[in-house]
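Dropping coords10.cif in here (mmCIF, C-alpha atoms):
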data_work
loop_
_atom_site.label_atom_id
_atom_site.label_comp_id
_atom_site.auth_asym_id
_atom_site.auth_seq_id
_atom_site.Cartn_x
_atom_site.Cartn_y
_atom_site.Cartn_z
CA MET O 1 153.47 136.59 100.71
CA SER O 2 155.02 133.43 102.05
CA MET O 3 154.66 132.79 105.78
CA ALA O 4 157.02 130.27 107.38
CA LEU O 5 154.81 128.89 110.11
CA PRO O 6 155.55 125.95 112.39
CA ALA O 7 153.57 122.78 111.79
CA ASN O 8 150.82 123.69 114.19
CA PRO O 9 151.22 127.39 114.83
CA VAL O 10 150.51 129.25 118.04
CA LEU O 11 150.67 133.01 117.96
CA PRO O 12 150.66 134.60 121.41
CA PRO O 13 148.09 137.17 122.45
CA MET O 14 148.93 140.69 121.39
CA PRO O 15 152.12 142.18 122.85
CA SER O 16 152.12 143.69 126.31
CA ALA O 17 148.61 142.51 126.91
CA ASP O 18 147.44 140.63 129.96
CA PRO O 19 145.57 137.83 128.19
CA MET O 20 142.61 138.36 130.50
CA VAL O 21 142.27 142.09 129.76
CA PRO O 22 140.31 142.87 126.63
CA HIS O 23 141.38 145.33 123.96
CA ILE O 24 138.79 147.73 122.64
CA ALA O 25 137.79 147.10 119.07
CA ARG O 26 135.24 148.77 116.84
CA VAL O 27 132.99 147.39 114.18
CA ARG O 28 133.78 148.57 110.68
CA SER O 29 131.05 146.71 108.85
CA VAL O 30 128.45 143.99 109.30
CA ARG O 31 127.31 141.57 106.66
CA GLN O 32 124.35 139.25 107.09
CA ASP O 33 125.31 135.89 105.59
CA LEU O 34 122.30 133.79 106.60
CA ALA O 35 119.16 134.42 108.65
CA ASP O 36 121.07 133.95 111.91
CA VAL O 37 124.68 134.28 110.76
CA PHE O 38 126.56 137.56 110.50
CA THR O 39 130.11 138.49 109.61
CA LEU O 40 131.72 141.37 111.49
CA GLU O 41 134.73 143.27 110.23
CA ILE O 42 136.40 144.85 113.23
CA ALA O 43 139.58 146.77 113.98
CA LEU O 44 141.44 147.48 117.19
CA GLU O 45 140.85 151.02 118.43
CA SER O 46 144.58 151.34 119.16
CA GLY O 47 145.36 150.77 115.50
CA GLU O 48 147.63 147.83 116.37
CA VAL O 49 147.97 145.07 113.84
CA ALA O 50 146.61 141.74 114.93
CA PRO O 51 148.38 138.77 113.32
CA PHE O 52 146.74 135.39 113.68
CA ALA O 53 147.16 131.88 112.33
CA PRO O 54 144.33 130.06 110.52
CA GLY O 55 142.38 128.05 113.07
CA GLN O 56 142.96 130.37 116.02
CA PHE O 57 140.20 132.27 117.78
CA ASN O 58 139.46 135.48 119.67
CA MET O 59 137.31 136.02 122.71
CA LEU O 60 134.78 138.69 121.77
CA GLN O 61 133.06 140.54 124.55
CA ILE O 62 129.97 142.66 124.84
CA PHE O 63 130.47 144.66 128.00
CA GLY O 64 127.85 143.84 130.57
CA VAL O 65 126.62 140.83 128.65
CA GLY O 66 129.49 138.38 128.36
CA GLU O 67 132.21 136.89 126.21
CA VAL O 68 132.34 134.13 123.59
CA PRO O 69 135.09 132.41 121.57
CA ILE O 70 134.84 133.11 117.86
CA SER O 71 137.22 131.72 115.25
CA PHE O 72 138.99 133.97 112.80
CA SER O 73 137.34 133.67 109.41
CA GLY O 74 139.22 136.30 107.41
CA ASP O 75 142.40 136.38 105.40
CA PRO O 76 145.47 136.07 107.66
CA ALA O 77 147.43 138.21 105.20
CA GLU O 78 145.13 141.18 105.90
CA GLN O 79 146.19 142.30 109.34
CA ASP O 80 144.66 145.76 109.62
CA HIS O 81 141.25 144.32 110.38
CA LEU O 82 139.72 141.10 111.66
CA ILE O 83 136.83 139.10 110.29
CA HIS O 84 134.60 136.99 112.51
CA THR O 85 131.53 135.06 111.37
CA ILE O 86 129.03 134.58 114.18
CA ARG O 87 125.83 132.61 114.55
CA ALA O 88 123.33 134.28 116.86
CA VAL O 89 122.50 131.52 119.31
CA GLY O 90 122.96 132.91 122.83
CA PRO O 91 122.79 136.30 124.56
CA VAL O 92 126.38 137.28 123.72
CA SER O 93 126.41 136.11 120.14
CA LYS O 94 123.02 137.71 119.57
CA ALA O 95 124.31 140.98 121.02
CA LEU O 96 127.41 140.76 118.81
CA THR O 97 125.30 140.34 115.70
CA GLU O 98 123.24 143.39 116.67
CA LEU O 99 126.31 145.65 116.61
CA GLY O 100 126.61 148.26 113.91
CA PRO O 101 129.48 150.22 112.36
CA GLY O 102 131.35 152.21 114.99
CA ASP O 103 130.10 150.19 117.94
CA ALA O 104 132.67 149.02 120.51
CA LEU O 105 133.37 145.53 121.75
CA GLY O 106 136.03 143.84 123.81
CA LEU O 107 138.58 141.53 122.24
CA ARG O 108 141.11 139.11 123.71
CA GLY O 109 143.38 136.97 121.61
CA PRO O 110 144.48 135.42 119.38
CA PHE O 111 144.28 132.13 121.26
CA GLY O 112 144.76 128.48 120.53
CA VAL O 113 146.60 126.25 118.13
CA GLY O 114 145.90 126.62 114.42
CA TRP O 115 145.78 124.41 111.34
CA PRO O 116 149.05 122.68 110.33
CA MET O 117 149.70 124.83 107.27
CA ALA O 118 153.43 124.10 107.06
CA GLU O 119 152.85 120.37 107.43
CA ALA O 120 150.36 120.51 104.57
CA ALA O 121 153.00 121.82 102.15
CA GLY O 122 153.75 119.36 99.37
CA GLN O 123 150.68 117.27 100.09
CA ASP O 124 147.14 117.08 98.78
CA VAL O 125 144.89 119.01 101.13
CA VAL O 126 141.39 117.68 101.75
CA ILE O 127 139.16 120.14 103.56
CA ILE O 128 136.01 118.65 105.00
CA THR O 129 133.53 120.94 106.59
CA GLY O 130 129.88 121.43 107.36
CA GLY O 131 127.60 124.26 108.33
CA LEU O 132 129.35 127.10 110.10
CA GLY O 133 132.50 124.95 110.25
CA LEU O 134 133.53 126.58 107.00
CA ALA O 135 134.27 129.82 108.86
CA PRO O 136 137.32 128.59 110.85
CA LEU O 137 138.67 126.96 107.69
CA ARG O 138 138.32 129.99 105.44
CA PRO O 139 141.62 131.54 106.65
CA ALA O 140 143.34 128.25 105.79
CA LEU O 141 141.75 128.32 102.34
CA TYR O 142 142.95 131.89 101.78
CA GLN O 143 146.46 130.87 102.72
CA LEU O 144 146.40 127.70 100.60
CA LEU O 145 145.23 129.64 97.57
CA ALA O 146 147.70 132.49 98.16
CA GLU O 147 150.54 129.96 98.16
CA ARG O 148 148.92 127.58 95.70
CA GLU O 149 152.18 126.22 94.30
CA ARG O 150 153.21 124.87 97.71
CA TYR O 151 150.43 122.27 97.80
CA GLY O 152 149.18 119.34 95.76
CA LEU O 153 145.50 118.93 95.00
CA ILE O 154 143.11 121.04 97.05
CA VAL O 155 139.72 119.48 97.65
CA LEU O 156 136.91 121.18 99.56
CA LEU O 157 133.93 119.04 100.58
CA TYR O 158 131.24 121.15 102.20
CA GLY O 159 127.88 120.11 103.56
CA THR O 160 125.01 122.08 104.92
CA ARG O 161 121.33 121.75 105.67
CA SER O 162 119.87 123.20 102.46
CA PRO O 163 120.93 125.32 99.48
CA GLU O 164 119.70 128.43 101.33
CA GLN O 165 122.13 127.68 104.18
CA ILE O 166 125.32 127.72 102.11
CA LEU O 167 127.79 130.03 103.82
CA TYR O 168 130.02 132.39 101.78
CA ARG O 169 128.11 131.38 98.67
CA ASP O 170 129.59 134.11 96.43
CA GLU O 171 133.11 133.16 97.39
CA LEU O 172 132.48 129.44 96.91
CA GLU O 173 131.11 130.13 93.45
CA GLU O 174 134.19 132.20 92.67
CA TRP O 175 136.54 129.46 93.90
CA ARG O 176 134.57 126.89 91.95
CA ARG O 177 135.54 128.64 88.75
CA ARG O 178 139.21 128.11 89.54
CA LEU O 179 140.83 125.23 87.73
CA ASP O 180 143.24 124.41 90.54
CA MET O 181 140.86 123.21 93.25
CA ASP O 182 137.86 120.89 93.52
CA ILE O 183 134.80 122.00 95.42
CA VAL O 184 131.86 119.70 96.08
CA ILE O 185 128.87 120.96 98.02
CA THR O 186 126.17 118.71 99.36
CA VAL O 187 122.98 119.52 101.24
CA ASP O 188 120.79 117.40 103.49
CA HIS O 189 117.58 118.24 101.65
CA ALA O 190 116.68 120.21 98.56
CA ASP O 191 113.92 120.93 96.13
CA THR O 192 114.35 120.20 92.46
CA ASP O 193 115.86 123.64 91.69
CA TRP O 194 119.10 122.52 93.33
CA ARG O 195 121.46 120.97 90.79
CA GLY O 196 124.14 119.84 93.23
CA HIS O 197 124.53 116.87 95.52
CA VAL O 198 122.03 115.83 98.15
CA GLY O 199 123.35 113.66 100.95
CA VAL O 200 125.90 113.87 103.71
CA VAL O 201 129.53 114.95 103.60
CA PRO O 202 131.12 111.59 104.50
CA ALA O 203 129.44 110.06 101.44
CA LEU O 204 131.42 112.45 99.21
CA ILE O 205 134.79 111.24 100.45
CA PRO O 206 135.00 107.92 98.51
CA HIS O 207 134.34 109.86 95.29
CA ALA O 208 136.87 112.65 95.88
CA THR O 209 140.16 112.69 94.00
CA PHE O 210 143.27 112.81 96.21
CA ASP O 211 146.24 110.62 97.01
CA PRO O 212 145.49 109.15 100.44
CA LEU O 213 149.14 108.37 101.07
CA HIS O 214 150.18 111.99 100.47
CA SER O 215 147.23 113.93 101.83
CA ILE O 216 146.38 115.91 104.89
CA ALA O 217 142.78 116.39 105.92
CA LEU O 218 141.47 119.43 107.77
CA VAL O 219 138.06 118.75 109.29
CA CYS O 220 135.71 121.20 110.98
CA GLY O 221 131.99 121.04 111.61
CA PRO O 222 129.46 119.44 113.89
CA GLU O 223 131.21 116.66 115.80
CA ILE O 224 128.90 113.93 114.55
CA MET O 225 129.73 114.97 111.00
CA MET O 226 133.42 115.02 111.86
CA ARG O 227 133.37 111.54 113.41
CA TYR O 228 131.66 109.99 110.38
CA SER O 229 133.96 111.93 108.03
CA ILE O 230 137.04 110.69 109.85
CA MET O 231 135.80 107.11 109.49
CA ALA O 232 135.38 107.69 105.76
CA LEU O 233 138.86 109.26 105.51
CA LEU O 234 140.41 106.28 107.27
CA ASP O 235 138.48 103.94 104.95
CA ALA O 236 139.88 105.92 102.02
CA GLY O 237 143.41 105.20 103.25
CA LEU O 238 144.45 108.34 105.12
CA LYS O 239 146.57 107.77 108.19
CA GLU O 240 145.34 108.97 111.57
CA ASP O 241 148.27 111.34 111.93
CA ASN O 242 147.33 113.12 108.71
CA ILE O 243 143.86 114.03 109.92
CA TRP O 244 143.37 117.28 111.85
CA LEU O 245 140.16 118.55 113.34
CA SER O 246 138.91 121.59 115.18
CA MET O 247 136.97 120.89 118.36
CA GLU O 248 134.34 123.17 119.79
CA ARG O 249 133.96 123.25 123.55
CA ASN O 250 132.80 125.66 126.19
CA MET O 251 135.83 127.97 126.26
CA LYS O 252 135.76 130.70 128.90
CA CYS O 253 139.20 131.98 129.92
CA ALA O 254 140.92 130.85 126.70
CA VAL O 255 144.26 130.33 128.45
CA GLY O 256 143.78 127.09 130.38
CA PHE O 257 143.00 128.57 133.80
CA CYS O 258 139.35 127.81 134.31
CA GLY O 259 138.99 124.28 132.95
CA HIS O 260 135.60 124.86 131.35
CA CYS O 261 136.81 123.40 128.07
CA GLN O 262 138.83 120.58 129.59
CA VAL O 263 138.33 117.20 127.97
CA GLY O 264 140.33 114.52 129.73
CA PRO O 265 143.87 115.90 130.02
CA VAL O 266 143.34 118.43 127.24
CA PHE O 267 142.37 122.08 127.40
CA VAL O 268 140.68 122.79 124.09
CA CYS O 269 141.37 126.52 124.39
CA LYS O 270 145.15 126.29 124.63
CA ASP O 271 146.01 122.78 123.40
CA GLY O 272 143.55 123.17 120.53
CA PRO O 273 141.10 123.94 119.13
CA VAL O 274 142.92 122.22 116.25
CA PHE O 275 144.15 118.74 117.13
CA ARG O 276 145.73 115.87 115.28
CA TYR O 277 143.19 113.06 115.28
CA ASP O 278 145.42 110.33 116.72
CA ARG O 279 146.14 112.53 119.74
CA ILE O 280 142.51 112.98 120.75
CA ARG O 281 140.77 109.96 119.24
CA GLN O 282 139.85 108.62 122.69
CA LEU O 283 138.50 111.99 123.81
CA LEU O 284 136.16 112.72 120.95
CA THR O 285 133.08 111.25 122.54
CA LEU O 286 133.85 112.46 126.07
CA LYS O 287 131.89 115.30 127.56
CA GLU O 288 133.86 118.20 128.95
CA PHE O 289 134.42 118.36 132.72
CA MET S 1 125.46 89.48 75.81
CA GLU S 2 129.24 89.45 75.76
CA GLY S 3 129.34 93.26 75.81
CA LEU S 4 126.83 93.42 78.63
CA GLU S 5 128.77 90.85 80.62
CA ARG S 6 131.85 93.03 80.34
CA ILE S 7 129.92 96.13 81.39
CA VAL S 8 128.47 94.32 84.41
CA GLY S 9 131.86 92.94 85.40
CA GLU S 10 133.49 96.35 85.13
CA HIS S 11 130.84 98.18 87.14
CA ARG S 12 132.22 99.33 90.48
CA PHE S 13 129.40 97.65 92.37
CA PHE S 14 130.37 94.21 91.08
CA ALA S 15 134.14 94.68 91.32
CA GLY S 16 135.83 91.39 92.16
CA LEU S 17 132.76 89.26 91.58
CA ASP S 18 133.50 85.70 90.41
CA GLN S 19 132.96 85.10 86.71
CA GLU S 20 130.30 82.46 87.33
CA PHE S 21 128.30 85.02 89.34
CA ILE S 22 128.84 87.71 86.71
CA ASP S 23 127.31 85.29 84.21
CA LEU S 24 124.33 84.75 86.50
CA VAL S 25 123.79 88.48 87.05
CA THR S 26 124.20 89.29 83.38
CA GLY S 27 121.39 86.88 82.55
CA CYS S 28 119.07 89.25 84.44
CA CYS S 29 120.44 92.50 82.95
CA LYS S 30 119.82 94.90 80.13
CA ASN S 31 121.13 98.34 79.19
CA VAL S 32 118.76 101.25 79.71
CA ARG S 33 118.84 105.04 79.37
CA PHE S 34 116.71 107.79 80.82
CA GLU S 35 116.44 111.36 79.64
CA ALA S 36 116.59 114.17 82.19
CA GLY S 37 113.29 114.33 84.06
CA GLN S 38 112.30 110.72 83.40
CA PHE S 39 111.47 108.51 86.36
CA LEU S 40 113.43 105.34 86.99
CA LEU S 41 110.93 104.24 89.60
CA ARG S 42 107.90 105.59 91.39
CA GLU S 43 106.63 105.33 94.96
CA GLY S 44 104.19 102.47 95.57
CA GLU S 45 105.13 100.50 92.46
CA ALA S 46 106.54 96.98 92.64
CA ALA S 47 110.30 96.90 93.18
CA ASN S 48 111.06 94.86 90.10
CA GLN S 49 114.28 96.52 89.00
CA ILE S 50 117.67 97.51 90.30
CA TYR S 51 119.65 100.12 88.43
CA LEU S 52 123.44 100.31 88.40
CA ILE S 53 124.30 103.81 87.23
CA ARG S 54 126.96 103.94 84.52
CA HIS S 55 126.64 107.62 83.70
CA GLY S 56 124.61 110.58 84.94
CA ARG S 57 122.94 111.53 88.19
CA VAL S 58 119.70 110.40 89.80
CA ALA S 59 117.66 112.08 92.53
CA LEU S 60 115.93 109.99 95.18
CA GLN S 61 112.93 111.97 96.28
CA ILE S 62 109.49 112.02 97.85
CA SER S 63 106.68 114.16 96.52
CA ASP S 64 104.47 116.13 98.83
CA PRO S 65 101.43 118.03 97.58
CA ALA S 66 102.31 121.04 99.70
CA ARG S 67 106.10 121.05 99.36
CA GLY S 68 106.61 119.58 95.92
CA GLU S 69 109.47 117.19 95.25
CA ILE S 70 111.84 116.82 98.20
CA VAL S 71 115.20 115.38 97.21
CA PHE S 72 116.86 113.43 100.03
CA GLN S 73 119.77 111.89 98.16
CA THR S 74 121.50 112.11 94.81
CA LEU S 75 123.39 109.21 93.29
CA GLY S 76 125.91 109.06 90.48
CA GLU S 77 128.18 106.85 88.44
CA GLY S 78 129.05 103.55 90.13
CA GLU S 79 126.14 103.70 92.57
CA VAL S 80 122.97 101.66 92.92
CA VAL S 81 119.38 102.83 92.63
CA GLY S 82 116.89 100.59 94.37
CA VAL S 83 117.36 98.32 97.37
CA SER S 84 113.68 97.61 98.15
CA TRP S 85 113.88 94.57 95.84
CA LEU S 86 115.66 92.76 98.69
CA ILE S 87 112.90 92.81 101.26
CA PRO S 88 109.18 91.98 101.05
CA PRO S 89 106.80 93.46 100.08
CA TYR S 90 109.22 94.52 97.28
CA ARG S 91 107.69 97.95 96.84
CA TRP S 92 109.34 101.33 96.21
CA SER S 93 108.98 103.78 99.07
CA HIS S 94 110.20 106.79 97.07
CA GLU S 95 110.79 108.04 93.55
CA ALA S 96 113.97 108.09 91.51
CA LYS S 97 114.27 110.68 88.75
CA ALA S 98 117.04 111.28 86.23
CA LEU S 99 118.62 114.71 86.74
CA GLU S 100 120.42 114.45 83.41
CA LEU S 101 120.90 111.79 80.77
CA VAL S 102 121.36 108.55 82.71
CA ARG S 103 122.80 105.36 81.31
CA ALA S 104 122.38 102.35 83.56
CA ILE S 105 122.26 98.60 83.79
CA SER S 106 118.77 97.45 84.71
CA ILE S 107 118.63 94.20 86.66
CA ASP S 108 115.40 92.20 86.77
CA ALA S 109 114.88 91.85 90.52
CA GLN S 110 112.60 88.80 90.30
CA CYS S 111 115.24 87.07 88.17
CA LEU S 112 117.92 87.91 90.74
CA ARG S 113 115.74 86.73 93.63
CA ASN S 114 115.02 83.44 91.85
CA LYS S 115 118.69 82.80 91.14
CA SER S 116 119.53 83.66 94.74
CA GLU S 117 117.02 81.09 95.98
CA VAL S 118 118.40 78.39 93.70
CA ASP S 119 122.06 79.13 94.41
CA ASN S 120 122.50 80.26 98.00
CA ARG S 121 126.19 80.99 97.49
CA PHE S 122 125.18 83.44 94.79
CA GLY S 123 122.41 84.82 97.01
CA TYR S 124 124.85 85.35 99.88
CA GLU S 125 127.24 87.17 97.55
CA MET S 126 124.40 89.44 96.45
CA MET S 127 123.51 90.09 100.10
CA LYS S 128 127.12 90.99 100.90
CA ARG S 129 127.03 93.60 98.15
CA PHE S 130 123.58 95.06 98.69
CA VAL S 131 123.43 95.13 102.51
CA PRO S 132 126.28 97.69 102.77
CA VAL S 133 124.22 99.94 100.49
CA LEU S 134 121.32 99.62 102.91
CA VAL S 135 123.58 100.36 105.88
CA GLU S 136 125.13 103.37 104.16
CA ARG S 137 121.64 104.73 103.41
CA LEU S 138 120.72 104.15 107.06
CA HIS S 139 123.78 106.12 108.23
CA THR S 140 122.99 108.91 105.82
CA THR S 141 119.38 109.04 106.95
CA ARG S 142 120.47 109.07 110.59
CA MET S 143 122.71 112.07 110.02
CA GLN S 144 119.98 113.87 108.12
CA ILE S 145 117.43 113.19 110.87
CA LEU S 146 119.87 114.46 113.48
CA ASP S 147 120.00 117.75 111.57
CA VAL S 148 123.62 118.17 112.63
CA TYR S 149 123.87 121.64 111.10
CA GLY S 150 120.93 122.91 113.12
CA THR S 151 121.35 125.21 116.08
CA PRO S 152 121.71 123.25 119.35
CA SER S 153 118.79 123.97 121.65
#
Take the structure from the file and write it as structure tokens.
Amino acid sequence: MSMALPANPVLPPMPSADPMVPHIARVRSVRQDLADVFTLEIALESGEVAPFAPGQFNMLQIFGVGEVPISFSGDPAEQDHLIHTIRAVGPVSKALTELGPGDALGLRGPFGVGWPMAEAAGQDVVIITGGLGLAPLRPALYQLLAERERYGLIVLLYGTRSPEQILYRDELEEWRRRLDMDIVITVDHADTDWRGHVGVVPALIPHATFDPLHSIALVCGPEIMMRYSIMALLDAGLKEDNIWLSMERNMKCAVGFCGHCQVGPVFVCKDGPVFRYDRIRQLLTLKEF
Amino acid sequence: MEGLERIVGEHRFFAGLDQEFIDLVTGCCKNVRFEAGQFLLREGEAANQIYLIRHGRVALQISDPARGEIVFQTLGEGEVVGVSWLIPPYRWSHEAKALELVRAISIDAQCLRNKSEVDNRFGYEMMKRFVPVLVERLHTTRMQILDVYGTPS
């Protein structure tokens, strides 16, 4: 199915909803991806469909505990359910990962600005990601592969701490067998059973095959990794306005009211989380207000 | 020697090097190959060689009795194995092992050091090519130490 999306799509929260009032959703299934990372499949109790754009996020709420922003990580073409991959790091995310099938949670969204899928059409697409940063990019990958003929080369460079920490391993292995995309995985450390790369993601960029003058880069991961990767992309010849990244900040209201995620003049929750690099270059090393 | 000179000149690491310097480097070079599992260099040994990889992949690693071999970087075609030859005491601080058949150019480090001492222009050119490798390894190590994929405390 072909979706005609604007360059940097924003889908509004679900119809007739006050963006601050959560919908009730229920867990359909839970999958443990890594020791502390879980993927929830959830559906709205009302049965409403919930369209989203790759790169957007929901606010997921455990009543009485709190609320956290979690990126969509499922296929945007599958609208009868939502997929969210969550690392258990704080009280809310830990409570979310302890949910089981049938359990209820609150949901607000979708929020934020997504990846520039329409702008990527006709260009090589270089996806650079690390750790859990693969989750917000997986919807973009689904869409790229569903509309494969619209894009040039597709390159995925993924880094993580160790071979045991590779997220969505089955799916990456499946995609690796495709002949129409390049996937390179690198880990920080490994034992000798690992046959892949050892090293950091930015070091993969000079060896990747893409046309820097006709490429768009989508970058998501720890900010240190992103900053070094952007330097390597610029060294490889990409222009600043062809580099997009997803920023992670302390989002609370998700609609630009509270200012928790404000960085300089930017509200990450509503102006982002996906930004074009040249528009936020000066803000990357700033702490939020 | 003519074939080796061409191979050296075409290696990515020496791209753009003046012919007179290619001649000097080539005088210190030979072709080598390593089967999978063979060591190119071992921790504690004198850093007497530099390897320019032409084909295959090499693991840089440290062995620990309790944890076995810990790989901290892999290198491939066009990359350099061994930068400890630059700095006294010219001793390897890790191992390098072939992960598959590796074809490489081996450079005699003492020969290169001697030529660099005699011809400082040549020595400076070598520094300009090898120091970025050191800096890149430093950046890589910094990111690995930072454990950027770890959970923030």
**Request:** Would you give me, as a ChimeraX atom specification, the residues of chain S that come within 6 Å of chain O, using only C-alpha atoms?
**Result:** /S:69-74,144,149
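Every residue that the PyMOL selection byres ((chain O and resi 276-281) around 8) selects in this file is listed here: O:Glu240, O:Asp241, O:Asn242, O:Ile243, O:Trp244, O:Leu245, O:Val274, O:Phe275, O:Gln282, O:Leu283, O:Leu284.
With distances restricted to all atoms listed in the file, S:Arg42 is the closest residue to S:Ala98 from S:Arg121, S:Arg67, S:Arg42, S:Arg129.
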With 9 Å as the threshold, what does the neighbourhood of (126.1, 111.7, 82.4) contain in terms of residues, counting all atoms listed in the file? Coordinates are those of the file; answer as number ranges by chain.
S: 54-57, 76-77, 100-103
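Going from atom CA of S:Phe14 to atom CA of S:Gln110 covers 18.6 Å.
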Margin query: Quick check on the file I pasted: which residues fall under the PyMOL selection byres ((chain S and resi 116) around 12)? Write them as a list in words.
Written below: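 Answer for the PyMOL selection byres ((chain S and resi 116) around 12): Phe21, Leu24, Val25, Cys28, Leu86, Ala109, Gln110, Cys111, Leu112, Arg113, Asn114, Lys115, Glu117, Val118, Asp119, Asn120, Arg121, Phe122, Gly123, Tyr124, Glu125, Met126 and Met127 of chain S.
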> For this file, the PyMOL selection byres ((chain O and resi 135) around 8) selects which residues, as a PyMOL selection string?
Replying inline: chain O and resi 71-73+85+132-134+136-139
Item to complete: Determine, counting all atoms listed in the file, which protein, DNA and RNA residues have an atom within 10 Å of an atom of O:Leu96; residues of the same chain fewer than 2 positions away are not included. Present the result as a VMD selection string.
Response: chain O and resid 27 38 to 40 60 to 62 65 67 to 68 86 to 88 90 to 94 98 to 100 103 to 105
- Measure the distance from atom CA of S:Lys30 to atom CA of S:Ala59 in Å and round it to one decimal.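 Between these atoms lies a distance of 21.3 Å.
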Taken to one decimal, the atom CA of O:Gly106-atom CA of O:Arg26 distance is 8.6 Å
Is there a way to complete stretch 124-129 of chain S with all heavy atoms and then write that out as a PDB file, in the frame of the given file?
ATOM      1  N   TYR S 124     124.077  84.755  98.792  1.00  0.00           N
ATOM      2  CA  TYR S 124     124.850  85.350  99.880  1.00  0.00           C
ATOM      3  C   TYR S 124     125.788  86.441  99.348  1.00  0.00           C
ATOM      4  O   TYR S 124     125.962  87.498  99.957  1.00  0.00           O
ATOM      5  CB  TYR S 124     125.648  84.262 100.602  1.00  0.00           C
ATOM      6  CG  TYR S 124     126.441  84.766 101.777  1.00  0.00           C
ATOM      7  CD1 TYR S 124     125.813  85.442 102.827  1.00  0.00           C
ATOM      8  CD2 TYR S 124     127.815  84.557 101.849  1.00  0.00           C
ATOM      9  CE1 TYR S 124     126.550  85.912 103.906  1.00  0.00           C
ATOM     10  CE2 TYR S 124     128.549  85.028 102.925  1.00  0.00           C
ATOM     11  CZ  TYR S 124     127.909  85.709 103.952  1.00  0.00           C
ATOM     12  OH  TYR S 124     128.635  86.170 105.016  1.00  0.00           O
ATOM     13  N   GLU S 125     126.363  86.164  98.169  1.00  0.00           N
ATOM     14  CA  GLU S 125     127.240  87.170  97.550  1.00  0.00           C
ATOM     15  C   GLU S 125     126.461  88.436  97.231  1.00  0.00           C
ATOM     16  O   GLU S 125     126.952  89.565  97.435  1.00  0.00           O
ATOM     17  CB  GLU S 125     127.878  86.596  96.274  1.00  0.00           C
ATOM     18  CG  GLU S 125     128.925  87.478  95.636  1.00  0.00           C
ATOM     19  CD  GLU S 125     130.123  87.750  96.537  1.00  0.00           C
ATOM     20  OE1 GLU S 125     130.553  86.841  97.264  1.00  0.00           O
ATOM     21  OE2 GLU S 125     130.617  88.903  96.518  1.00  0.00           O
ATOM     22  N   MET S 126     125.229  88.267  96.738  1.00  0.00           N
ATOM     23  CA  MET S 126     124.400  89.440  96.450  1.00  0.00           C
ATOM     24  C   MET S 126     124.100  90.201  97.746  1.00  0.00           C
ATOM     25  O   MET S 126     124.149  91.429  97.799  1.00  0.00           O
ATOM     26  CB  MET S 126     123.097  89.032  95.761  1.00  0.00           C
ATOM     27  CG  MET S 126     123.255  88.509  94.340  1.00  0.00           C
ATOM     28  SD  MET S 126     123.999  89.724  93.208  1.00  0.00           S
ATOM     29  CE  MET S 126     125.662  89.074  93.054  1.00  0.00           C
ATOM     30  N   MET S 127     123.782  89.455  98.805  1.00  0.00           N
ATOM     31  CA  MET S 127     123.510  90.090 100.100  1.00  0.00           C
ATOM     32  C   MET S 127     124.717  90.891 100.571  1.00  0.00           C
ATOM     33  O   MET S 127     124.589  92.010 101.065  1.00  0.00           O
ATOM     34  CB  MET S 127     123.165  89.019 101.142  1.00  0.00           C
ATOM     35  CG  MET S 127     121.756  88.513 101.064  1.00  0.00           C
ATOM     36  SD  MET S 127     120.594  89.804 101.586  1.00  0.00           S
ATOM     37  CE  MET S 127     119.045  89.054 101.112  1.00  0.00           C
ATOM     38  N   LYS S 128     125.913  90.302 100.432  1.00  0.00           N
ATOM     39  CA  LYS S 128     127.120  90.990 100.900  1.00  0.00           C
ATOM     40  C   LYS S 128     127.357  92.296 100.156  1.00  0.00           C
ATOM     41  O   LYS S 128     128.005  93.196 100.658  1.00  0.00           O
ATOM     42  CB  LYS S 128     128.343  90.071 100.762  1.00  0.00           C
ATOM     43  CG  LYS S 128     128.393  88.982 101.815  1.00  0.00           C
ATOM     44  CD  LYS S 128     129.779  88.375 101.932  1.00  0.00           C
ATOM     45  CE  LYS S 128     130.128  87.569 100.685  1.00  0.00           C
ATOM     46  NZ  LYS S 128     131.424  86.865 100.821  1.00  0.00           N
ATOM     47  N   ARG S 129     126.836  92.378  98.932  1.00  0.00           N
ATOM     48  CA  ARG S 129     127.030  93.600  98.150  1.00  0.00           C
ATOM     49  C   ARG S 129     125.909  94.611  98.365  1.00  0.00           C
ATOM     50  O   ARG S 129     126.145  95.817  98.353  1.00  0.00           O
ATOM     51  CB  ARG S 129     127.191  93.261  96.667  1.00  0.00           C
ATOM     52  CG  ARG S 129     128.550  92.644  96.416  1.00  0.00           C
ATOM     53  CD  ARG S 129     128.720  92.064  95.050  1.00  0.00           C
ATOM     54  NE  ARG S 129     129.991  91.340  95.024  1.00  0.00           N
ATOM     55  CZ  ARG S 129     131.145  91.866  94.624  1.00  0.00           C
ATOM     56  NH1 ARG S 129     131.185  93.116  94.208  1.00  0.00           N
ATOM     57  NH2 ARG S 129     132.251  91.149  94.639  1.00  0.00           N
TER      58      ARG S 129
END
